[in-house]
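Asks: Have a look at this one before I ask anything.
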Amino acid sequence: MDRLYIKHDDAAAALGWQPNELRILRRLMDCPLAQRRVSGSKALQFEVGPLIEWLGLVLPRFSPVREQRILEAARPATALTS
């Protein structure tokens, strides 16, 4: 089974945030997550499982609803191109 990935901006939208807010949180909290870009795309992507674990650690009110939104927006690695 393919790993699930989510674009940075889609993850922010699933949290109900602006993309910049997630970017700032990642920088301030020294985010340990590996990031990747698909060739031909500028979109930053994260693997979903570690992203959800990390958000659960750094956000005191990370709810199951937000987790579900991220999972719904996630796609297999082969489906993300742009």
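Starting from 1 in every chain, residues are counted up; chains themselves are A, B, ... following the order of the structure tokens, and ligands are numbered from 1 as listed.
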Quick one: everything within 9 Å of Ala73 of chain A, counting only C-alpha atoms, minus sequence neighbours fewer than 6 positions away in the same chain. Send it as a VMD selection string.
Replies: chain A and resid 5 to 7 10 to 11 14
Asks: Run DSSP on the backbone and grab whatever in chain A lands in helix (DSSP H, G or I); send it over as a VMD selection string.
Replies: chain A and resid 8 to 15 19 to 28 48 to 58 64 to 73 77 to 79
Asks: DSSP on the backbone: which residues in segment 27-76 of chain A end up as strand (DSSP E or B)? Give the answer as a ChimeraX atom specification.
Replies: /A:35-37,44-47,75-76
Asks: Residues within 12 Å of Gln35 of chain A, please, as JSON, numbers by chain. Count only C-alpha atoms; anything in the same chain fewer than 5 positions from it doesn't count.
Replies: {"A": [5, 6, 7, 8, 26, 42, 43, 44, 45, 46, 47, 48, 50, 51]}
Asks: As an exercise, work out the distance from atom CA of Ser63 of chain A to atom CA of Val38 of chain A in Å and give it to one decimal place.
Replies: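 Interatomic distance, atom CA of Ser63 of chain A to atom CA of Val38 of chain A: 29.3 Å.
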Asks: One number please: atom CA of Gly56 of chain A to atom CA of Arg3 of chain A, in Å, one decimal.
Replies: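 Separating atom CA of Gly56 of chain A from atom CA of Arg3 of chain A is a distance of 19.5 Å.
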Asks: Pick the closest to Gly49 of chain A from A:Ile24, A:Leu15, A:Glu67, A:Arg36: which is it, counting only C-alpha atoms?
Replies: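 Among the listed residues, A:Glu67 lies closest to Gly49 of chain A.
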Asks: Quick one: pull the distance between atom CA of Leu57 of chain A and atom CA of Arg69 of chain A, Å, one decimal.
Replies: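 These atoms are spaced 17.6 Å apart.
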Asks: Return the single residue from A:Pro76, A:Leu59, A:Trp17, A:Trp54 that is closest to Cys31 of chain A, with distances computed using only C-alpha atoms.
Replies: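 Under the stated criterion, the closest residue is A:Trp54.
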Asks: Name the closest residue to Leu55 of chain A among the candidates A:Gly40, A:Ala77, A:Leu25, A:Leu71; distances are taken between atoms, counting only C-alpha atoms.
Replies: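 Among the listed residues, A:Leu25 lies closest to Leu55 of chain A.
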